[in-house]
Amino acid sequence: MHLAPIDWIVLSVYFAFVLGIGYFLKRSTRTGNDFFMAGRAIPAWVAGLAFLSANLGAQEVIGMAASGAKYGLATSHFYWIGAVPAMIFVGVFMMPFYYGSRARSVPEYLKLRFDSKTHVFNAVSFGVMTIFSSGISLYAMAKLLMALHICDGLMDALHLPHSWIFHVSIFISALVVLAYVFFGGLTSAIYNEVLQFFLILAGLIPLVWLGLKNLGGWKSLKAHLPNPAMAHAWMGLSHARTNPMGVDWFSLTAGLGFVLSFGYWCTDFLVIQRAMAADSMNSARRTPLIAAIPKMLFPFIVIVPGLIAIALTPAVSTQINGSSITQSAGIIPIKRDEATGHVMRQLDGSPELDYNMVIPALFKHYYPEGLLGLGLTALLASFMSGMAGNVTAFNTIWTYDLYEHYVYPGASDKHYLWMGRAATVGGILLSIFAAYLAARFNNIMDVLQLVFAFVNAPLFATFLLGMFWKKTTGHGAFGGLLIGTLAATMHHGLTVPQGSLPGISGGWIMSLATYPSLMAQNFWTAIYAFSACFGTTILISLMTEPKPEVELSGLVYSLTASLGQETQPFFKRPAVLGALVLILVVALNFVFR
């Protein structure tokens with residue numbers, strides 16, 4: 001992919017803006033509250049877009065387009081039942097506890113509601129996840145830049161080997177994120193995430209428009225798909241064997257729509273931090289509801305390009321055993337082994353398609369000079385947005401939840417501000433290490449998703465009981481988390497996805513059951529983890545002494561005073577806005593069923 005001077009100018013302007021925002025906000029970032037919590041002064045609409053943009057990392061833009069090409073419109077379930085309902089729930093029911101308790105993080109809420117051991121368990125596990133997620137963003141971006149050959153000419157001009165592109169990309173991106181987070185803290189990250197949100201829209205919407213125009217519209221696109229079911233969200237979900245995702249309606253709704261979705265959006269500090277930075281309780285509650293509106297429309301921006309790519313001609317052809325085999329795979333390139341360059345094949349001998357290259361392939365196919373630079377900037381913005389979100393969450397968790405509570409309590413605010421900036425540097429360095437670790441494992445993305453199922457699924461059970469059952473105890477919460485994580489581990493060790501050998505994908509203890517796909521296995525792993533944690537927490541809580549009710553005021557639903565929504569205009573009430581969003585997402589499921 002060749003970039004013209006105008007494309008490089010677009011990229012340069014973007015980097016200048018993100019660095020400028022961080023430098024400009026440095027003067028107003030003088031306290032720990034400014035650095036870690038953005039002074040709790042962010043307007044609802046800004047917090048809402050940042051809430052959404054913090055989740056728009058590499059997996060969102062690249063991964064969802066790839067899934068769209070592979071599975072079709074069924075990928076929309078990751079939005080319409082796998083995100084929006086949970087976002088409504090956290091806005092209407094859970095934000096009053098997070099924001100009203102004045103906790104500075106999600107793990108700190110657990111300390112207030114339960115005890116120190118539950119607090120440390122969540123803080124450490126979440127801190128590790130943020131580093132791995134940040135490293136994955138760095139790794140994915142560096143690999144993408146290498147695959148597109150964007151910097152080849154620059155390396156040739158400097159007489160440097162092309163293999164250095166990977167290392168240079170990682171370090172430059174890390175330095176840019178470090179600069180604006182180090183100077184402006186969470187405020188800088190939030191306003192850059194808003195900028196990145198609009199860049200992602202500007203980079204991807206023309207791609208969808210050009211693709212649909214080229215194919216003759218939505219009806220023509222559906223006619224060109226290799227499988228008519230790819231244009232429907234619910235077709236074939238009556239049984240796991242009748243759809244390419246390998247899941248049925250129950251595992252989809254229970255595993256993704258309830259456990260994984262609510263486990264992520266309701267407990268993950270990466271996104272909750274944006275709502276906690278809002279300027280009022282009402283703004284904090286409306287933050288995820290505002291974010292849910294564009295979230296439900298994102299399938300048309302990130303999944304439809306995958307459908308366009310699979311529908312485009314000419315078809316891909318390759319040589320298998322001396323014969324030319326043609327596949328209806330649009331412009332998606334064939335995947336090759338990074339070490340040998342050989343074509344990678346599926347179990348039936350057919351070539352494996354590199355679905356992760358859907359967006360870059362469409363950019364190359366459709367975008368002229370200038371627009372190509374804008375599209376590439378959108379991709380870089382998505383990677384850097386995901387990385388910055390993880391780094392700001394990490395520096396808060398380390399400083400407030402671990403360092404202040406257990407290493408150096410009672411220090412001055414100035415000292416904790418210094419530690420927060422030092423943690424930012426440390427988080428960036430650890431992210432670089434994680435990026436190189438990811439380079440050693442081809443399946444690190446699957447491993448990371450599995451870790452999310454292990455951690456977030458049982459954690460949601462803990463939060464659900466803690467917020468809505470006043471008799472939940474600290475011993476119950478801690479025991480439930482341990483047993484829930486153990487249940488996920490045992491289920492993964494005793495099951496394996498179809499077509500996979502026992503090992504990192506499962507079955508490393510013994511293979512007692514086979515799932516149609518890795519996705520189905522992950523959904524059921526989450527279901528077992530949640531159920532085990534839920535049941536264990538109740539059992540232990542019934543046998544141990546709960547906290548006095550006076551200590552739980554503002555932390556448990558039944559012991560929290562009314563929020564006084566009746567004084568707000570009708571259209572600003574979170575419950576009303578949540579109901580409208582829910583109606584819209586149900587309508588989308590019906591229209592594209």
# chains A, B, ... in the order shown; residues from 1 in each chain; ligands from 1
call {"tool": "select_by_dssp", "arguments": {"residues": "stretch 139-183 of chain A", "states": "helix (DSSP H, G or I)", "output": "ChimeraX atom specification"}}
result
/A:139-148,152-157,164-183
call {"tool": "write_last_selection", "arguments": {"atoms": "N, CA and C atoms", "output": "mmCIF file, in the first residue's frame"}}
result
data_model
loop_
_atom_site.group_PDB
_atom_site.id
_atom_site.type_symbol
_atom_site.label_atom_id
_atom_site.label_comp_id
_atom_site.auth_asym_id
_atom_site.auth_seq_id
_atom_site.Cartn_x
_atom_site.Cartn_y
_atom_site.Cartn_z
ATOM 1 N N TYR A 139 0.990 -4.709 19.479
ATOM 2 C CA TYR A 139 1.410 -5.799 18.593
ATOM 3 C C TYR A 139 0.591 -5.808 17.301
ATOM 4 N N ALA A 140 -0.745 -5.704 17.449
ATOM 5 C CA ALA A 140 -1.617 -5.756 16.276
ATOM 6 C C ALA A 140 -1.336 -4.594 15.328
ATOM 7 N N MET A 141 -1.084 -3.409 15.896
ATOM 8 C CA MET A 141 -0.814 -2.256 15.045
ATOM 9 C C MET A 141 0.511 -2.425 14.294
ATOM 10 N N ALA A 142 1.537 -2.898 14.989
ATOM 11 C CA ALA A 142 2.836 -3.086 14.343
ATOM 12 C C ALA A 142 2.751 -4.128 13.230
ATOM 13 N N LYS A 143 2.029 -5.224 13.492
ATOM 14 C CA LYS A 143 1.884 -6.251 12.464
ATOM 15 C C LYS A 143 1.097 -5.730 11.262
ATOM 16 N N LEU A 144 0.107 -4.891 11.519
ATOM 17 C CA LEU A 144 -0.678 -4.327 10.423
ATOM 18 C C LEU A 144 0.181 -3.431 9.546
ATOM 19 N N LEU A 145 0.987 -2.575 10.159
ATOM 20 C CA LEU A 145 1.843 -1.674 9.393
ATOM 21 C C LEU A 145 2.856 -2.461 8.560
ATOM 22 N N MET A 146 3.343 -3.568 9.105
ATOM 23 C CA MET A 146 4.259 -4.414 8.335
ATOM 24 C C MET A 146 3.538 -5.055 7.152
ATOM 25 N N ALA A 147 2.317 -5.547 7.406
ATOM 26 C CA ALA A 147 1.569 -6.242 6.356
ATOM 27 C C ALA A 147 1.187 -5.307 5.212
ATOM 28 N N LEU A 148 0.954 -4.029 5.532
ATOM 29 C CA LEU A 148 0.559 -3.058 4.511
ATOM 30 C C LEU A 148 1.742 -2.470 3.755
ATOM 31 N N ASP A 152 7.834 0.813 4.040
ATOM 32 C CA ASP A 152 8.958 0.197 3.313
ATOM 33 C C ASP A 152 9.845 1.249 2.658
ATOM 34 N N GLY A 153 9.212 2.230 2.015
ATOM 35 C CA GLY A 153 9.998 3.268 1.345
ATOM 36 C C GLY A 153 10.844 4.066 2.314
ATOM 37 N N LEU A 154 10.293 4.373 3.480
ATOM 38 C CA LEU A 154 11.025 5.113 4.496
ATOM 39 C C LEU A 154 12.224 4.315 4.992
ATOM 40 N N MET A 155 12.031 3.010 5.200
ATOM 41 C CA MET A 155 13.138 2.154 5.643
ATOM 42 C C MET A 155 14.223 2.074 4.568
ATOM 43 N N ASP A 156 13.792 1.999 3.309
ATOM 44 C CA ASP A 156 14.767 1.957 2.214
ATOM 45 C C ASP A 156 15.569 3.256 2.153
ATOM 46 N N ALA A 157 14.890 4.382 2.347
ATOM 47 C CA ALA A 157 15.580 5.672 2.305
ATOM 48 C C ALA A 157 16.602 5.812 3.432
ATOM 49 N N TRP A 164 12.701 -3.881 10.878
ATOM 50 C CA TRP A 164 12.711 -2.867 11.935
ATOM 51 C C TRP A 164 11.381 -2.129 12.044
ATOM 52 N N ILE A 165 10.547 -2.253 11.008
ATOM 53 C CA ILE A 165 9.250 -1.567 11.034
ATOM 54 C C ILE A 165 8.459 -1.988 12.263
ATOM 55 N N PHE A 166 8.490 -3.276 12.583
ATOM 56 C CA PHE A 166 7.759 -3.793 13.743
ATOM 57 C C PHE A 166 8.209 -3.086 15.019
ATOM 58 N N HIS A 167 9.531 -2.995 15.227
ATOM 59 C CA HIS A 167 10.064 -2.403 16.456
ATOM 60 C C HIS A 167 9.817 -0.887 16.492
ATOM 61 N N VAL A 168 10.032 -0.226 15.367
ATOM 62 C CA VAL A 168 9.836 1.224 15.316
ATOM 63 C C VAL A 168 8.376 1.576 15.570
ATOM 64 N N SER A 169 7.458 0.815 14.983
ATOM 65 C CA SER A 169 6.030 1.076 15.168
ATOM 66 C C SER A 169 5.634 0.952 16.632
ATOM 67 N N ILE A 170 6.128 -0.069 17.292
ATOM 68 C CA ILE A 170 5.797 -0.290 18.702
ATOM 69 C C ILE A 170 6.295 0.863 19.560
ATOM 70 N N PHE A 171 7.542 1.266 19.374
ATOM 71 C CA PHE A 171 8.119 2.275 20.258
ATOM 72 C C PHE A 171 7.570 3.674 19.987
ATOM 73 N N ILE A 172 7.338 4.017 18.714
ATOM 74 C CA ILE A 172 6.781 5.343 18.418
ATOM 75 C C ILE A 172 5.361 5.451 18.954
ATOM 76 N N SER A 173 4.539 4.449 18.733
ATOM 77 C CA SER A 173 3.165 4.472 19.229
ATOM 78 C C SER A 173 3.137 4.543 20.753
ATOM 79 N N ALA A 174 4.005 3.764 21.393
ATOM 80 C CA ALA A 174 4.064 3.776 22.853
ATOM 81 C C ALA A 174 4.473 5.152 23.370
ATOM 82 N N LEU A 175 5.406 5.801 22.692
ATOM 83 C CA LEU A 175 5.859 7.122 23.127
ATOM 84 C C LEU A 175 4.762 8.173 22.967
ATOM 85 N N VAL A 176 3.992 8.089 21.881
ATOM 86 C CA VAL A 176 2.904 9.054 21.674
ATOM 87 C C VAL A 176 1.857 8.915 22.774
ATOM 88 N N VAL A 177 1.432 7.683 23.071
ATOM 89 C CA VAL A 177 0.444 7.459 24.132
ATOM 90 C C VAL A 177 1.021 7.893 25.478
ATOM 91 N N LEU A 178 2.275 7.567 25.724
ATOM 92 C CA LEU A 178 2.923 7.969 26.974
ATOM 93 C C LEU A 178 2.904 9.480 27.136
ATOM 94 N N ALA A 179 3.195 10.205 26.064
ATOM 95 C CA ALA A 179 3.302 11.662 26.152
ATOM 96 C C ALA A 179 1.976 12.292 26.563
ATOM 97 N N TYR A 180 0.885 11.932 25.883
ATOM 98 C CA TYR A 180 -0.345 12.658 26.200
ATOM 99 C C TYR A 180 -1.013 12.163 27.477
ATOM 100 N N VAL A 181 -0.813 10.890 27.864
ATOM 101 C CA VAL A 181 -1.355 10.426 29.143
ATOM 102 C C VAL A 181 -0.508 10.951 30.292
ATOM 103 N N PHE A 182 0.807 10.994 30.127
ATOM 104 C CA PHE A 182 1.709 11.478 31.176
ATOM 105 C C PHE A 182 1.400 12.939 31.510
ATOM 106 N N PHE A 183 1.150 13.747 30.492
ATOM 107 C CA PHE A 183 0.891 15.166 30.725
ATOM 108 C C PHE A 183 -0.523 15.419 31.253
#
call {"tool": "closest_residue", "arguments": {"among": "A:Pro299, A:Tyr264, A:Glu193, A:Thr187", "to": "A:Phe592", "atoms": "only C-alpha atoms"}}
result
A:Pro299
call {"tool": "atom_distance", "arguments": {"atom1": "atom CA of A:Gly203", "atom2": "atom CA of A:Thr377"}}
result
7.5 Å
call {"tool": "residues_around", "arguments": {"residues": "A:Met87", "least_positions_apart": "3", "cutoff": "6 Å", "atoms": "only C-alpha atoms", "output": "JSON, numbers by chain"}}
result
{"A": [84, 90, 288]}
call {"tool": "residues_around", "arguments": {"residues": "A:Tyr528", "least_positions_apart": "2", "cutoff": "10 Å", "atoms": "only C-alpha atoms", "output": "PyMOL selection string"}}
result
chain A and resi 255+259+453-454+457-458+484-491+522-526+530-534
call {"tool": "atom_distance", "arguments": {"atom1": "atom CA of A:Ile397", "atom2": "atom CA of A:Phe452"}}
result
17.4 Å
call {"tool": "closest_residue", "arguments": {"among": "A:Pro305, A:Pro244, A:Gly184, A:Gly63", "to": "A:Trp218", "atoms": "only C-alpha atoms"}}
result
A:Pro305
call {"tool": "residues_around", "arguments": {"residues": "A:Phe121", "least_positions_apart": "3", "cutoff": "10 Å", "atoms": "only C-alpha atoms", "output": "list of chain:residue names"}}
result
A:Pro107, A:Leu110, A:Ser116, A:Lys117, A:Thr118, A:Val124, A:Ser125, A:Phe126, A:Phe478, A:Leu481, A:Leu482
call {"tool": "write_last_selection", "arguments": {"atoms": "N, CA and C atoms", "output": "mmCIF file, in the first residue's frame"}}
result
data_model
loop_
_atom_site.group_PDB
_atom_site.id
_atom_site.type_symbol
_atom_site.label_atom_id
_atom_site.label_comp_id
_atom_site.auth_asym_id
_atom_site.auth_seq_id
_atom_site.Cartn_x
_atom_site.Cartn_y
_atom_site.Cartn_z
ATOM 1 N N PRO A 107 -12.306 -1.778 41.693
ATOM 2 C CA PRO A 107 -11.797 -2.566 42.824
ATOM 3 C C PRO A 107 -11.977 -1.870 44.175
ATOM 4 N N LEU A 110 -15.193 -2.659 45.660
ATOM 5 C CA LEU A 110 -15.205 -3.973 46.299
ATOM 6 C C LEU A 110 -14.637 -3.903 47.710
ATOM 7 N N SER A 116 -10.587 -6.383 52.149
ATOM 8 C CA SER A 116 -9.320 -6.157 51.459
ATOM 9 C C SER A 116 -8.938 -7.305 50.539
ATOM 10 N N LYS A 117 -9.203 -8.544 50.948
ATOM 11 C CA LYS A 117 -8.759 -9.676 50.118
ATOM 12 C C LYS A 117 -9.491 -9.708 48.779
ATOM 13 N N THR A 118 -10.790 -9.388 48.794
ATOM 14 C CA THR A 118 -11.543 -9.304 47.539
ATOM 15 C C THR A 118 -11.039 -8.134 46.696
ATOM 16 N N VAL A 124 -5.377 -6.858 41.271
ATOM 17 C CA VAL A 124 -4.232 -7.515 40.621
ATOM 18 C C VAL A 124 -4.650 -8.151 39.298
ATOM 19 N N SER A 125 -5.768 -8.889 39.298
ATOM 20 C CA SER A 125 -6.195 -9.557 38.067
ATOM 21 C C SER A 125 -6.522 -8.544 36.984
ATOM 22 N N PHE A 126 -7.176 -7.427 37.353
ATOM 23 C CA PHE A 126 -7.509 -6.430 36.349
ATOM 24 C C PHE A 126 -6.262 -5.701 35.851
ATOM 25 N N PHE A 478 -15.115 -13.497 48.128
ATOM 26 C CA PHE A 478 -13.776 -13.997 47.818
ATOM 27 C C PHE A 478 -13.817 -15.480 47.452
ATOM 28 N N LEU A 481 -15.341 -15.931 43.961
ATOM 29 C CA LEU A 481 -14.404 -15.605 42.882
ATOM 30 C C LEU A 481 -13.407 -16.739 42.655
ATOM 31 N N LEU A 482 -12.897 -17.313 43.737
ATOM 32 C CA LEU A 482 -11.931 -18.410 43.599
ATOM 33 C C LEU A 482 -12.578 -19.637 42.957
#
call {"tool": "residues_around", "arguments": {"residues": "stretch 361-364 of chain A", "least_positions_apart": "2", "cutoff": "7 Å", "atoms": "only C-alpha atoms", "output": "ChimeraX atom specification"}}
result
/A:1,309,331-332,357-359,366-367,372,375
call {"tool": "write_last_selection", "arguments": {"atoms": "C-alpha atoms", "output": "PDB file, in the first residue's frame"}}
result
ATOM      1  CA  MET A   1       0.000   0.000   0.000  1.00  0.00           C
ATOM      2  CA  ALA A 309     -15.294  -7.883   1.246  1.00  0.00           C
ATOM      3  CA  ILE A 331     -10.711  -9.602  -2.076  1.00  0.00           C
ATOM      4  CA  ILE A 332      -9.691 -11.175   1.219  1.00  0.00           C
ATOM      5  CA  MET A 357      -6.917  -8.025   6.536  1.00  0.00           C
ATOM      6  CA  VAL A 358     -10.516  -7.182   5.522  1.00  0.00           C
ATOM      7  CA  ILE A 359     -10.337  -3.474   6.393  1.00  0.00           C
ATOM      8  CA  TYR A 366     -11.489   1.787  -2.690  1.00  0.00           C
ATOM      9  CA  TYR A 367      -9.594   4.697  -1.193  1.00  0.00           C
ATOM     10  CA  LEU A 372      -6.353   6.450   2.236  1.00  0.00           C
ATOM     11  CA  GLY A 375      -8.600   5.531   6.702  1.00  0.00           C
TER      12      GLY A 375
END
call {"tool": "atom_distance", "arguments": {"atom1": "atom CA of A:Ala291", "atom2": "atom CA of A:Gly48"}}
result
4.7 Å
